[in-house]
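J.: Dropping in protein-v6.cif, with mmCIF, C-alpha atoms and all ligand atoms.
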```cif
data_structure
#
loop_
_atom_site.label_atom_id
_atom_site.label_comp_id
_atom_site.auth_asym_id
_atom_site.auth_seq_id
_atom_site.Cartn_x
_atom_site.Cartn_y
_atom_site.Cartn_z
CA MET F 207 0.00 0.00 0.00
CA SER F 208 2.88 2.37 0.56
CA GLU F 209 3.66 2.15 -3.12
CA GLN F 210 0.11 3.30 -3.91
CA SER F 211 0.59 6.62 -2.22
CA GLU F 212 3.35 7.45 -4.62
CA HIS F 213 1.06 7.18 -7.62
CA CYS F 214 -0.61 10.29 -8.91
CA SER F 215 -3.66 11.59 -7.09
CA GLU F 216 -6.89 12.45 -8.89
CA GLU F 217 -6.01 16.09 -8.57
CA GLU F 218 -2.63 15.48 -10.13
CA PHE F 219 -4.20 13.65 -13.04
CA MET F 220 -6.58 16.50 -13.52
CA MET F 221 -3.81 19.08 -13.41
CA ALA F 222 -1.85 17.02 -15.90
CA TYR F 223 -4.87 16.84 -18.16
CA TYR F 224 -5.09 20.63 -18.21
CA ASP F 225 -1.33 20.92 -18.81
CA GLU F 226 -0.71 22.22 -15.32
CA ALA F 227 1.21 19.27 -13.93
CA THR F 228 4.17 19.88 -11.67
CA GLU F 229 7.63 18.76 -12.63
CA ALA F 230 7.33 15.89 -10.15
CA THR F 231 4.13 14.65 -11.75
CA HIS F 232 5.71 14.79 -15.17
CA ARG F 233 8.63 12.72 -13.95
CA HIS F 234 6.36 10.20 -12.30
CA LEU F 235 4.20 9.82 -15.38
CA ALA F 236 7.29 9.22 -17.45
CA ASP F 237 8.41 6.44 -15.13
CA CYS F 238 5.21 4.77 -14.02
CA GLU F 239 3.33 2.50 -16.37
CA VAL F 240 0.30 2.30 -14.04
CA CYS F 241 -0.18 6.05 -13.85
CA ARG F 242 0.46 6.50 -17.54
CA SER F 243 -2.33 4.10 -18.31
CA GLU F 244 -4.60 5.83 -15.82
CA MET F 245 -3.70 9.16 -17.39
CA ASN F 246 -4.75 7.82 -20.78
CA SER F 247 -8.08 6.80 -19.34
CA TRP F 248 -8.56 10.35 -17.97
CA ARG F 249 -7.72 11.75 -21.36
CA ARG F 250 -10.13 9.53 -23.25
CA THR F 251 -13.01 10.29 -20.93
CA LEU F 252 -12.47 14.00 -20.60
CA ASP F 253 -11.71 14.50 -24.30
CA ALA F 254 -14.99 12.83 -25.14
CA ALA F 255 -16.81 15.16 -22.76
CA ARG F 256 -15.36 18.16 -24.51
CA LYS F 257 -17.37 18.17 -27.69
CA VAL F 258 -20.63 20.02 -27.49
CA LYS F 259 -22.43 20.52 -30.71
CA VAL F 260 -24.10 23.89 -30.49
CA PRO F 261 -27.23 24.12 -32.62
CA ASP F 262 -27.06 26.86 -35.20
CA PRO F 263 -29.65 29.49 -34.32
CA GLY F 264 -29.58 30.76 -37.90
CA PRO F 265 -28.22 33.87 -39.57
CA ASP F 266 -31.17 36.02 -38.48
CA TYR F 267 -30.87 35.12 -34.86
CA GLY F 268 -29.49 38.53 -33.85
CA ALA F 269 -32.42 40.30 -35.47
CA ALA F 270 -34.85 37.92 -33.78
CA VAL F 271 -33.28 38.58 -30.39
CA TRP F 272 -33.52 42.28 -31.02
CA ASN F 273 -37.21 42.10 -31.91
CA ARG F 274 -37.97 40.28 -28.71
CA ILE F 275 -36.00 42.49 -26.35
CA LYS F 276 -36.68 45.85 -27.92
CA PRO F 277 -40.15 46.43 -26.39
CA ARG F 278 -38.71 45.66 -23.00
CA LEU F 279 -35.74 47.97 -23.47
CA ASP F 280 -37.99 50.95 -24.05
CA SER F 281 -39.74 50.45 -20.78
CA SER F 282 -36.49 50.01 -18.93
CA SER F 283 -35.06 53.30 -20.15
CA TRP F 284 -36.10 55.04 -16.98
CA GLU F 285 -34.20 52.51 -14.96
CA ARG F 286 -31.27 53.12 -17.25
CA GLN F 287 -31.27 56.80 -16.45
CA THR F 288 -31.34 56.14 -12.75
CA SER F 289 -28.64 53.53 -12.94
CA HIS F 290 -26.17 56.38 -12.82
CA ARG F 291 -25.95 55.77 -9.14
CA ARG F 292 -22.76 57.66 -8.66
CA SER F 293 -22.20 59.24 -5.33
CA TRP F 294 -21.73 62.95 -5.07
CA GLY F 295 -18.38 62.29 -3.51
CA TRP F 296 -17.14 60.50 -6.57
CA LEU F 297 -18.62 63.09 -8.82
CA ALA F 298 -17.22 66.00 -6.88
CA ALA F 299 -13.78 64.41 -6.98
CA GLY F 300 -14.02 63.91 -10.72
CA LEU F 301 -15.23 67.41 -11.28
CA ALA F 302 -12.54 68.79 -9.04
CA LEU F 303 -9.97 67.14 -11.26
CA ALA F 304 -11.65 68.50 -14.34
CA VAL F 305 -11.75 72.00 -12.90
CA ALA F 306 -8.17 71.70 -11.76
CA GLY F 307 -7.36 70.76 -15.31
CA TYR F 308 -8.94 73.90 -16.66
CA LEU F 309 -7.14 75.99 -14.10
CA ALA F 310 -3.75 74.55 -14.72
CA GLY F 311 -4.19 75.33 -18.38
CA SER F 312 -2.59 72.07 -19.31
CA TRP F 313 -5.92 70.64 -20.21
CA ASP F 314 -5.96 72.00 -23.72
CA ARG F 315 -2.59 70.50 -24.48
CA THR F 316 -2.74 67.09 -22.91
CA GLY F 317 -6.32 66.30 -22.10
CA THR F 318 -5.21 64.71 -18.87
CA ALA F 319 -5.68 65.85 -15.33
CA PRO F 320 -2.85 68.15 -14.35
CA PRO F 321 -0.91 68.51 -11.13
CA SER F 322 -2.79 69.46 -8.09
CA ILE F 323 -2.61 73.22 -7.79
CA ALA F 324 -6.31 73.55 -7.32
CA GLU F 325 -7.38 70.10 -6.26
CA SER F 326 -7.54 70.77 -2.57
CA THR F 327 -9.10 74.20 -2.82
CA VAL F 328 -11.63 73.06 -5.37
CA ALA F 329 -12.57 70.07 -3.29
CA ALA F 330 -13.34 72.42 -0.45
CA ALA F 331 -16.03 74.18 -2.46
CA THR F 332 -19.54 72.77 -2.58
CA PRO F 333 -20.33 70.28 -5.34
CA ASP F 334 -22.84 72.71 -6.75
CA ALA F 335 -20.32 75.51 -7.07
CA ILE F 336 -17.75 73.20 -8.58
CA LEU F 337 -20.23 71.94 -11.07
CA ARG F 338 -21.34 75.40 -12.10
CA PHE F 339 -17.80 76.54 -12.51
CA ALA F 340 -16.67 73.53 -14.48
CA LEU F 341 -19.80 73.65 -16.57
CA ALA F 342 -19.23 77.28 -17.49
CA GLN F 343 -15.73 76.44 -18.70
CA HIS F 344 -16.89 73.43 -20.56
CA LEU F 345 -19.76 75.15 -22.32
CA GLU F 346 -17.52 77.98 -23.32
CA ARG F 347 -15.00 75.66 -24.94
CA SER F 348 -17.71 73.58 -26.57
CA GLU F 349 -19.36 76.66 -27.96
CA ARG F 350 -16.10 77.82 -29.44
CA LEU F 351 -15.68 74.46 -31.15
CA LEU F 352 -19.25 74.54 -32.43
CA ARG F 353 -18.67 77.98 -33.96
CA ASP F 354 -15.37 76.94 -35.49
CA VAL F 355 -16.95 73.92 -37.11
CA ALA F 356 -19.91 75.97 -38.29
CA ASN F 357 -17.55 78.48 -39.86
CA VAL F 358 -15.33 76.10 -41.80
CA GLN F 359 -15.95 76.92 -45.44
CA GLY F 360 -16.16 74.33 -48.17
CA VAL F 361 -13.79 71.41 -48.35
CA ARG F 362 -10.48 73.09 -47.71
CA SER F 363 -8.29 71.67 -45.02
CA THR F 364 -6.12 73.91 -42.95
CA ASP F 365 -4.11 73.34 -39.84
CA GLU F 366 -6.91 74.85 -37.86
CA ASP F 367 -9.44 72.33 -39.23
CA SER F 368 -7.26 69.37 -38.49
CA THR F 369 -7.22 70.19 -34.79
CA ILE F 370 -11.00 70.06 -34.65
CA PRO F 371 -11.32 66.30 -34.02
CA ALA F 372 -8.63 66.52 -31.32
CA ARG F 373 -10.50 69.34 -29.60
CA ALA F 374 -13.76 67.39 -29.74
CA ASP F 375 -12.03 64.35 -28.34
CA ARG F 376 -10.71 66.31 -25.38
CA LEU F 377 -14.13 67.76 -24.66
CA LEU F 378 -15.75 64.32 -24.63
CA ALA F 379 -14.52 63.06 -21.29
CA ASN F 380 -15.54 66.18 -19.43
CA ASN F 381 -18.85 66.29 -21.21
CA ARG F 382 -19.59 62.81 -19.95
CA LEU F 383 -18.82 63.88 -16.42
CA MET F 384 -21.01 66.99 -16.61
CA ARG F 385 -23.82 65.04 -18.21
CA MET F 386 -23.83 62.48 -15.43
CA ALA F 387 -23.81 65.23 -12.86
CA LEU F 388 -26.83 66.85 -14.46
CA ILE F 389 -28.76 63.62 -14.89
CA GLN F 390 -27.96 62.67 -11.35
CA GLY F 391 -28.77 66.11 -10.06
CA ALA F 392 -31.80 68.23 -10.45
CA ASP F 393 -32.00 68.68 -14.17
CA PRO F 394 -32.46 65.74 -16.50
CA ALA F 395 -33.59 68.04 -19.33
CA LEU F 396 -30.27 69.86 -19.26
CA GLY F 397 -28.55 66.52 -19.08
CA ARG F 398 -30.21 65.67 -22.36
CA THR F 399 -28.78 68.75 -24.05
CA LEU F 400 -25.35 67.59 -22.98
CA GLU F 401 -26.22 64.15 -24.25
CA GLU F 402 -26.92 65.63 -27.67
CA LEU F 403 -23.73 67.61 -27.51
CA GLU F 404 -21.87 64.46 -26.62
CA ARG F 405 -23.19 62.58 -29.65
CA TRP F 406 -22.08 65.40 -31.82
CA LEU F 407 -18.66 65.59 -30.19
CA LEU F 408 -18.30 61.88 -30.75
CA ASP F 409 -18.96 62.31 -34.45
CA VAL F 410 -16.56 65.20 -34.72
CA ALA F 411 -13.86 63.44 -32.74
CA HIS F 412 -13.94 60.61 -35.27
CA LEU F 413 -14.38 62.35 -38.57
CA GLY F 414 -13.41 60.05 -41.38
CA PRO F 415 -14.41 58.35 -44.59
CA ARG F 416 -16.18 55.52 -42.79
CA THR F 417 -17.81 57.73 -40.18
CA ALA F 418 -19.02 61.29 -40.52
CA SER F 419 -17.56 64.05 -42.66
CA LEU F 420 -17.06 67.60 -41.51
CA GLU F 421 -19.92 68.65 -43.76
CA GLU F 422 -22.21 66.14 -42.10
CA ALA F 423 -21.12 67.41 -38.70
CA GLN F 424 -21.98 70.95 -39.81
CA LEU F 425 -25.35 69.79 -41.06
CA ARG F 426 -26.16 68.00 -37.81
CA LEU F 427 -25.06 71.02 -35.87
CA ARG F 428 -27.62 73.15 -37.72
CA GLN F 429 -30.36 70.54 -37.72
CA ARG F 430 -30.16 69.99 -34.01
CA GLY F 431 -29.84 73.66 -33.21
CA LEU F 432 -27.02 72.86 -30.85
CA LEU F 433 -25.65 76.37 -30.56
CA LEU F 434 -29.03 77.67 -29.56
CA LYS F 435 -29.50 74.86 -27.08
CA LEU F 436 -26.17 75.60 -25.45
CA ASP F 437 -27.12 79.21 -25.24
CA ILE F 438 -30.40 78.33 -23.56
CA LEU F 439 -28.53 76.06 -21.19
CA LYS F 440 -26.20 78.87 -20.19
CA THR F 441 -29.09 81.25 -19.66
CA LYS F 442 -30.98 78.74 -17.63
CA LEU F 443 -28.00 78.08 -15.42
CA ASP F 444 -27.27 81.77 -15.26
CA LEU F 445 -23.77 81.13 -16.46
CA ARG F 446 -23.77 83.95 -18.96
CA ASN F 447 -21.76 86.22 -16.73
CA SER F 448 -19.01 83.79 -16.04
CA PRO F 449 -17.69 82.79 -19.40
CA GLY F 450 -14.15 82.50 -20.59
CA GLY F 451 -11.19 82.32 -18.30
CA PRO F 452 -11.16 80.84 -14.85
CA THR F 453 -13.28 82.71 -12.37
CA LYS F 454 -14.27 82.03 -8.84
CA PRO F 455 -17.17 79.73 -8.29
CA ALA F 456 -19.96 81.47 -6.48
CA THR F 457 -19.21 79.97 -3.13
CA GLY F 458 -18.92 83.26 -1.36
CA ASP F 459 -15.95 82.18 0.66
CA ASP F 460 -12.40 83.25 0.23
CA ASN F 461 -10.56 80.02 -0.01
CA GLY F 462 -12.21 79.33 -3.31
CA ILE F 463 -10.27 79.03 -6.47
CA SER F 464 -7.58 81.50 -7.18
CA VAL F 465 -5.33 81.56 -10.14
CA MET A 67 -5.87 60.43 -30.41
CA SER A 68 -7.06 56.90 -29.88
CA GLU A 69 -4.59 54.19 -30.87
CA ASN A 70 -7.16 51.45 -31.21
CA PRO A 71 -10.14 52.37 -33.34
CA ILE A 72 -13.08 53.32 -31.25
CA ASP A 73 -16.32 51.39 -31.61
CA LEU A 74 -18.78 54.11 -32.52
CA ASP A 75 -21.79 51.83 -32.14
CA LEU A 76 -20.67 51.03 -28.65
CA GLU A 77 -20.08 54.67 -27.79
CA ARG A 78 -23.48 55.66 -29.12
CA ALA A 79 -25.19 52.82 -27.31
CA ARG A 80 -23.58 54.02 -24.10
CA LEU A 81 -25.35 57.30 -24.66
CA GLY A 82 -28.67 55.54 -24.86
CA ASP A 83 -28.90 55.21 -28.64
CA LEU A 84 -31.17 52.20 -29.20
CA GLU A 85 -30.32 51.91 -32.86
CA ALA A 86 -26.63 51.58 -32.04
CA PHE A 87 -27.45 49.01 -29.39
CA ARG A 88 -29.37 47.02 -31.99
CA VAL A 89 -26.15 46.76 -34.01
CA LEU A 90 -24.35 45.39 -30.96
CA VAL A 91 -27.11 42.88 -30.26
CA GLU A 92 -27.06 41.64 -33.83
CA ARG A 93 -23.28 41.45 -33.81
CA HIS A 94 -22.94 39.44 -30.61
CA SER A 95 -26.12 37.35 -30.28
CA ARG A 96 -24.79 34.18 -31.86
CA ASP A 97 -21.66 34.14 -29.72
CA VAL A 98 -23.66 34.67 -26.56
CA PHE A 99 -26.04 31.92 -27.64
CA ALA A 100 -23.17 29.49 -28.16
CA LEU A 101 -21.79 30.18 -24.70
CA ALA A 102 -25.23 29.95 -23.11
CA PHE A 103 -25.93 26.69 -24.88
CA ARG A 104 -22.67 25.11 -23.76
CA MET A 105 -23.61 26.20 -20.27
CA THR A 106 -27.26 25.14 -20.21
CA ARG A 107 -27.38 22.49 -22.95
CA CYS A 108 -30.87 23.52 -23.77
CA ALA A 109 -31.72 25.80 -26.70
CA ASP A 110 -34.72 27.40 -24.99
CA ASP A 111 -32.74 28.16 -21.86
CA ALA A 112 -29.84 29.46 -23.92
CA ASP A 113 -32.24 31.75 -25.72
CA ASP A 114 -33.54 33.06 -22.40
CA VAL A 115 -29.98 33.70 -21.31
CA VAL A 116 -29.25 35.64 -24.51
CA GLN A 117 -32.22 37.94 -23.98
CA GLU A 118 -31.48 38.45 -20.33
CA THR A 119 -27.83 39.15 -21.09
CA PHE A 120 -28.64 41.96 -23.50
CA MET A 121 -31.30 43.45 -21.24
CA LYS A 122 -28.75 43.56 -18.44
CA ALA A 123 -26.09 44.92 -20.76
CA TRP A 124 -28.41 47.75 -21.78
CA ARG A 125 -29.02 48.72 -18.18
CA LYS A 126 -25.36 48.47 -17.27
CA LEU A 127 -23.92 50.15 -20.36
CA PRO A 128 -23.56 53.57 -18.74
CA ASP A 129 -21.21 51.95 -16.24
CA PHE A 130 -19.20 50.12 -18.87
CA GLU A 131 -15.56 51.15 -18.84
CA ALA A 132 -14.54 52.16 -22.33
CA ARG A 133 -11.15 50.59 -21.88
CA ALA A 134 -12.51 47.09 -21.38
CA ALA A 135 -13.34 44.92 -24.36
CA PHE A 136 -17.06 44.86 -24.94
CA GLY A 137 -16.99 41.17 -25.91
CA SER A 138 -15.43 40.08 -22.61
CA TRP A 139 -17.75 42.32 -20.68
CA LEU A 140 -20.72 40.69 -22.39
CA TYR A 141 -19.20 37.25 -21.83
CA ARG A 142 -19.10 37.98 -18.12
CA ILE A 143 -22.74 39.04 -18.02
CA ALA A 144 -23.76 35.99 -20.05
CA THR A 145 -21.83 33.67 -17.75
CA ASN A 146 -23.57 35.15 -14.75
CA CYS A 147 -26.99 34.89 -16.37
CA SER A 148 -26.30 31.24 -17.24
CA TYR A 149 -25.12 30.58 -13.73
CA ASP A 150 -28.27 32.12 -12.27
CA LEU A 151 -30.44 30.09 -14.59
CA LEU A 152 -28.63 26.88 -13.68
CA ARG A 153 -29.13 27.60 -10.01
CA ARG A 154 -32.83 28.29 -10.49
CA ARG A 155 -33.15 25.23 -12.64
CA SER A 156 -31.47 22.84 -10.25
CA ARG A 157 -34.06 23.85 -7.69
CA ARG A 158 -36.94 22.82 -9.89
CA LEU A 159 -35.35 19.56 -11.00
CA HIS A 160 -35.23 20.35 -14.62
CA ARG A 161 -34.70 17.54 -17.09
CA GLU A 162 -32.66 18.57 -20.01
CA THR A 163 -33.81 17.61 -23.42
CA PRO A 164 -31.67 14.73 -24.58
CA LEU A 165 -28.98 16.23 -26.67
CA GLU A 166 -28.62 15.51 -30.25
CA VAL A 167 -24.94 15.99 -29.76
CA SER A 168 -22.99 14.14 -32.25
CA ALA A 169 -22.58 14.28 -35.90
CA ALA A 170 -21.55 10.87 -37.17
CA GLY A 171 -18.00 12.10 -37.67
CA GLU A 172 -17.63 12.77 -33.99
CA VAL A 173 -18.35 9.22 -32.99
CA ASP A 174 -14.69 8.47 -33.40
CA GLN A 175 -14.03 10.72 -30.45
CA ILE A 176 -14.99 7.76 -28.34
CA SER A 177 -12.84 4.71 -28.43
CA ALA A 178 -15.26 2.10 -29.64
CA PRO A 179 -14.24 -1.49 -30.28
CA ALA A 180 -12.65 -1.84 -33.67
CA GLY A 181 -14.88 -3.31 -36.31
CA LEU A 182 -18.05 -1.91 -34.79
CA SER A 183 -20.64 -0.85 -37.35
CA PRO A 184 -21.36 2.89 -37.77
CA GLU A 185 -24.76 2.28 -36.15
CA GLY A 186 -23.12 0.62 -33.21
CA ARG A 187 -20.75 3.53 -32.84
CA LEU A 188 -23.61 5.96 -32.90
CA ASP A 189 -25.36 3.98 -30.17
CA ILE A 190 -22.30 4.19 -28.02
CA ARG A 191 -22.03 7.90 -28.58
CA ARG A 192 -25.69 8.32 -27.64
CA ASP A 193 -25.21 6.38 -24.43
CA PHE A 194 -22.23 8.51 -23.68
CA ASP A 195 -24.07 11.75 -24.32
CA ARG A 196 -26.98 10.66 -22.16
CA GLU A 197 -24.61 9.82 -19.34
CA LEU A 198 -22.77 13.09 -19.78
CA GLY A 199 -26.11 14.90 -19.56
CA ARG A 200 -26.85 13.07 -16.29
CA ALA A 201 -23.42 13.88 -14.98
CA LEU A 202 -23.88 17.56 -15.67
CA GLU A 203 -27.30 17.57 -14.07
CA ASP A 204 -25.74 16.18 -10.92
CA LEU A 205 -23.45 19.18 -10.66
CA THR A 206 -24.34 22.24 -8.68
CA GLY A 207 -24.73 25.49 -10.61
CA ALA A 208 -21.27 26.62 -9.57
CA GLU A 209 -19.68 23.27 -10.40
CA ARG A 210 -21.31 23.15 -13.77
CA THR A 211 -20.36 26.70 -14.62
CA ALA A 212 -16.82 26.01 -13.52
CA PHE A 213 -16.73 22.80 -15.53
CA VAL A 214 -17.96 24.40 -18.74
CA LEU A 215 -15.65 27.38 -18.36
CA ARG A 216 -12.61 25.23 -17.67
CA HIS A 217 -13.28 22.23 -19.81
CA ILE A 218 -15.07 23.62 -22.82
CA GLU A 219 -14.37 27.34 -22.83
CA GLU A 220 -10.79 26.69 -21.70
CA ARG A 221 -10.69 29.57 -19.25
CA SER A 222 -8.05 29.71 -16.56
CA VAL A 223 -8.88 28.88 -12.98
CA ALA A 224 -8.12 32.48 -12.01
CA GLU A 225 -10.61 33.79 -14.57
CA ILE A 226 -13.23 31.34 -13.38
CA GLY A 227 -12.73 32.53 -9.84
CA GLU A 228 -13.25 36.07 -10.97
CA LEU A 229 -16.35 35.21 -12.97
CA LEU A 230 -17.90 33.23 -10.15
CA GLY A 231 -16.81 35.65 -7.48
CA MET A 232 -14.64 33.19 -5.58
CA LYS A 233 -11.00 32.96 -4.63
CA THR A 234 -8.77 31.17 -7.09
CA ASN A 235 -8.26 28.26 -4.76
CA ALA A 236 -11.99 27.82 -4.21
CA ALA A 237 -12.50 27.97 -7.97
CA LYS A 238 -9.84 25.32 -8.42
CA GLN A 239 -11.57 23.05 -5.92
CA THR A 240 -14.91 23.63 -7.64
CA VAL A 241 -13.43 22.68 -11.01
CA PHE A 242 -11.85 19.65 -9.42
CA ARG A 243 -15.08 18.44 -7.82
CA ALA A 244 -16.93 18.93 -11.09
CA VAL A 245 -14.37 17.13 -13.22
CA ARG A 246 -14.21 14.26 -10.76
CA LYS A 247 -18.00 13.85 -10.75
CA VAL A 248 -18.18 13.95 -14.51
CA ARG A 249 -15.41 11.45 -14.86
CA ASN A 250 -16.94 9.10 -12.30
CA HIS A 251 -20.14 9.10 -14.30
CA LEU A 252 -18.46 8.47 -17.59
CA SER A 253 -15.53 6.20 -16.97
CA PRO A 254 -17.55 2.98 -16.44
CA LEU A 255 -19.07 3.54 -19.84
CA MET A 256 -15.70 4.30 -21.34
CA GLU A 257 -14.19 1.15 -19.87
CA ALA A 258 -17.11 -0.93 -21.09
CA THR A 259 -16.58 0.17 -24.65
CA ARG A 260 -12.90 -0.60 -24.78
ZN ZN J 1 2.28 5.74 -10.57
#
```
Can the structure from this file be put into structure tokens for me?
Ligand SMILES: [Zn+2]

T.:
Amino acid sequence: MSEQSEHCSEEEFMMAYYDEATEATHRHLADCEVCRSEMNSWRRTLDAARKVKVPDPGPDYGAAVWNRIKPRLDSSSWERQTSHRRSWGWLAAGLALAVAGYLAGSWDRTGTAPPSIAESTVAAATPDAILRFALAQHLERSERLLRDVANVQGVRSTDEDSTIPARADRLLANNRLMRMALIQGADPALGRTLEELERWLLDVAHLGPRTASLEEAQLRLRQRGLLLKLDILKTKLDLRNSPGGPTKPATGDDNGISV
Amino acid sequence: MSENPIDLDLERARLGDLEAFRVLVERHSRDVFALAFRMTRCADDADDVVQETFMKAWRKLPDFEARAAFGSWLYRIATNCSYDLLRRRSRRLHRETPLEVSAAGEVDQISAPAGLSPEGRLDIRRDFDRELGRALEDLTGAERTAFVLRHIEERSVAEIGELLGMKTNAAKQTVFRAVRKVRNHLSPLMEATR
């Protein structure tokens, strides 16, 4: 019986079957006729259990699935909206980084969050003030891009035009953040304007032969009345007086943001 | 900008664009079905899993991290839906429809006595499939999921642990128990046909 204990255990056979045998198991299998034969039996059985013939659901299966789930997706759209269960803490932190990015001025060049000059001070402000401040910056930059795209004439391509997708791409991440804040917060209607803006930014960030052309982006811009919508958004949020460069958020306290 | 081309349908779907989501559903349905079928071995159940997977995906899309691959993300949801279904099913003692598993060409997968007629081989394969079905029904939901993921989907034990929400060592033990049960069911039949 003492010999028996030196043979491979079930677990060792299994590991060997899945090519995870230890060096010792390998050596034993090479030397031991009994275990080699047992190993072959494992292989035969498990190999046979490997084949599963999956029935072909047919080429139209995807469309059929879609037809069945679509009615249920519509009714779950509300749930979808509310699934943005982000905490204010998370949001405020994200926005603080975004605002810090605007302040540091590195945002336009790199698109990444910059060093922390404003992080701590911004985090001290209320989420509302942070949001308003960041939103004002964001809308300003977006508006500038919208106007630039609207003003590109014909099919010429200048240096200025070629930076347009890059600018849209950089605006995307922040737009997402603002949009979630607005959906989460008091104003889903405003969130939807940002959602529209985001779709447009997405198109513009990926202009190309297989996606949208600049002309199409211009057309969509007009059709959707995006500039007007942004303007309304700014009015509604009373952001009209704080455009452009970094300004203090309206927190009323002195350790707000300074540049 | 982006090094790997961005999936515009995915990005639009994340913004709540149903039409873009339709493209994703049509693109991935067959793959999800195949996984769900290997898991449940029942076309109706697999179909349920497919629908549930995409409904869940739709609800969870806003939380989807753009850096992850959409296919693996969906795979994870589908695995979990299959797992849930298997757990529910084992409670109501479901009998799986006998599988029409094998094309005649696959009969050779099983070592049948030499000189056996094609019909005889097919019989053996049917017995084997029936026994395999019983073996799988004897597994718990977790064991069965682990078995399919390891044995058929060829996922690593670490991945299985992650998918099932268990530590790697627990996942390894679950795979081990499952494989042992399956083998114990099947090996008498295998020996008999030698
Ligand atoms: Zn041995």

J.: Could you list, as JSON, numbers by chain, all the residues within 12 Å of ligand ZN 1 (chain J), counting all atoms listed in the file?

T.: {"F": [208, 209, 210, 211, 212, 213, 214, 215, 216, 218, 219, 230, 231, 232, 233, 234, 235, 236, 237, 238, 239, 240, 241, 242, 243, 244, 245]}

J.: Expressed in Å to a single decimal, how great is the separation between CA of Val260 in chain F and CA of Asp113 in chain A?

T.: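 Computing it gives 12.3 Å between the two atoms.
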
J.: For CA of Leu229 in chain A and CA of Arg210 in chain A, quote the distance in Å rounded to one decimal.

T.: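 Separation of CA of Leu229 in chain A and CA of Arg210 in chain A: 13.1 Å.
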
J.: Would you give me, as a Markdown table, each residue of chain A having an atom within 7 Å of an atom of chain F, along with its shortest atom pair and that distance in Å to one decimal, using all atoms listed in the file and sorting by chain and residue number?

T.:
```
| residue | atom | partner | partner_atom | distance |
| --- | --- | --- | --- | --- |
| A:Met67 | CA | F:Ala372 | CA | 6.7 |
| A:Arg78 | CA | F:Arg405 | CA | 6.9 |
| A:Leu81 | CA | F:Glu401 | CA | 6.9 |
| A:Arg88 | CA | F:Trp272 | CA | 6.4 |
| A:Val91 | CA | F:Gly268 | CA | 6.1 |
| A:Glu92 | CA | F:Gly268 | CA | 3.9 |
| A:Arg93 | CA | F:Gly268 | CA | 6.9 |
| A:Ser95 | CA | F:Gly268 | CA | 5.0 |
| A:Arg96 | CA | F:Gly268 | CA | 6.7 |
| A:Ala100 | CA | F:Val260 | CA | 6.1 |
| A:Phe103 | CA | F:Val260 | CA | 6.5 |
| A:Arg104 | CA | F:Val258 | CA | 6.6 |
| A:Gln117 | CA | F:Ile275 | CA | 6.4 |
| A:Met121 | CA | F:Leu279 | CA | 6.7 |
| A:Arg125 | CA | F:Arg286 | CA | 5.0 |
| A:Val167 | CA | F:Lys259 | CA | 5.3 |
| A:Ser168 | CA | F:Lys259 | CA | 6.6 |
| A:Gln175 | CA | F:Ala254 | CA | 5.8 |
| A:Ile176 | CA | F:Ala254 | CA | 6.0 |
| A:Leu198 | CA | F:Ala255 | CA | 7.0 |
| A:His217 | CA | F:Arg256 | CA | 6.6 |
| A:Ile218 | CA | F:Arg256 | CA | 5.7 |
| A:Phe242 | CA | F:Glu217 | CA | 6.9 |
| A:Arg249 | CA | F:Thr251 | CA | 6.6 |
| A:Leu252 | CA | F:Thr251 | CA | 6.6 |
| A:Ser253 | CA | F:Thr251 | CA | 6.2 |
| A:Met256 | CA | F:Thr251 | CA | 6.6 |
```

J.: Okay, now the selection with C-alpha atoms, as an mmCIF file, in the frame of the given file?

T.:
```cif
data_model
loop_
_atom_site.group_PDB
_atom_site.id
_atom_site.type_symbol
_atom_site.label_atom_id
_atom_site.label_comp_id
_atom_site.auth_asym_id
_atom_site.auth_seq_id
_atom_site.Cartn_x
_atom_site.Cartn_y
_atom_site.Cartn_z
ATOM 1 C CA MET A 67 -5.870 60.430 -30.410
ATOM 2 C CA ARG A 78 -23.480 55.660 -29.120
ATOM 3 C CA LEU A 81 -25.350 57.300 -24.660
ATOM 4 C CA ARG A 88 -29.370 47.020 -31.990
ATOM 5 C CA VAL A 91 -27.110 42.880 -30.260
ATOM 6 C CA GLU A 92 -27.060 41.640 -33.830
ATOM 7 C CA ARG A 93 -23.280 41.450 -33.810
ATOM 8 C CA SER A 95 -26.120 37.350 -30.280
ATOM 9 C CA ARG A 96 -24.790 34.180 -31.860
ATOM 10 C CA ALA A 100 -23.170 29.490 -28.160
ATOM 11 C CA PHE A 103 -25.930 26.690 -24.880
ATOM 12 C CA ARG A 104 -22.670 25.110 -23.760
ATOM 13 C CA GLN A 117 -32.220 37.940 -23.980
ATOM 14 C CA MET A 121 -31.300 43.450 -21.240
ATOM 15 C CA ARG A 125 -29.020 48.720 -18.180
ATOM 16 C CA VAL A 167 -24.940 15.990 -29.760
ATOM 17 C CA SER A 168 -22.990 14.140 -32.250
ATOM 18 C CA GLN A 175 -14.030 10.720 -30.450
ATOM 19 C CA ILE A 176 -14.990 7.760 -28.340
ATOM 20 C CA LEU A 198 -22.770 13.090 -19.780
ATOM 21 C CA HIS A 217 -13.280 22.230 -19.810
ATOM 22 C CA ILE A 218 -15.070 23.620 -22.820
ATOM 23 C CA PHE A 242 -11.850 19.650 -9.420
ATOM 24 C CA ARG A 249 -15.410 11.450 -14.860
ATOM 25 C CA LEU A 252 -18.460 8.470 -17.590
ATOM 26 C CA SER A 253 -15.530 6.200 -16.970
ATOM 27 C CA MET A 256 -15.700 4.300 -21.340
#
```

J.: To one decimal in Å, tell me the separation between CA of His94 in chain A and CA of Leu74 in chain A.

T.: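 Going from CA of His94 in chain A over to CA of Leu74 in chain A covers 15.4 Å.
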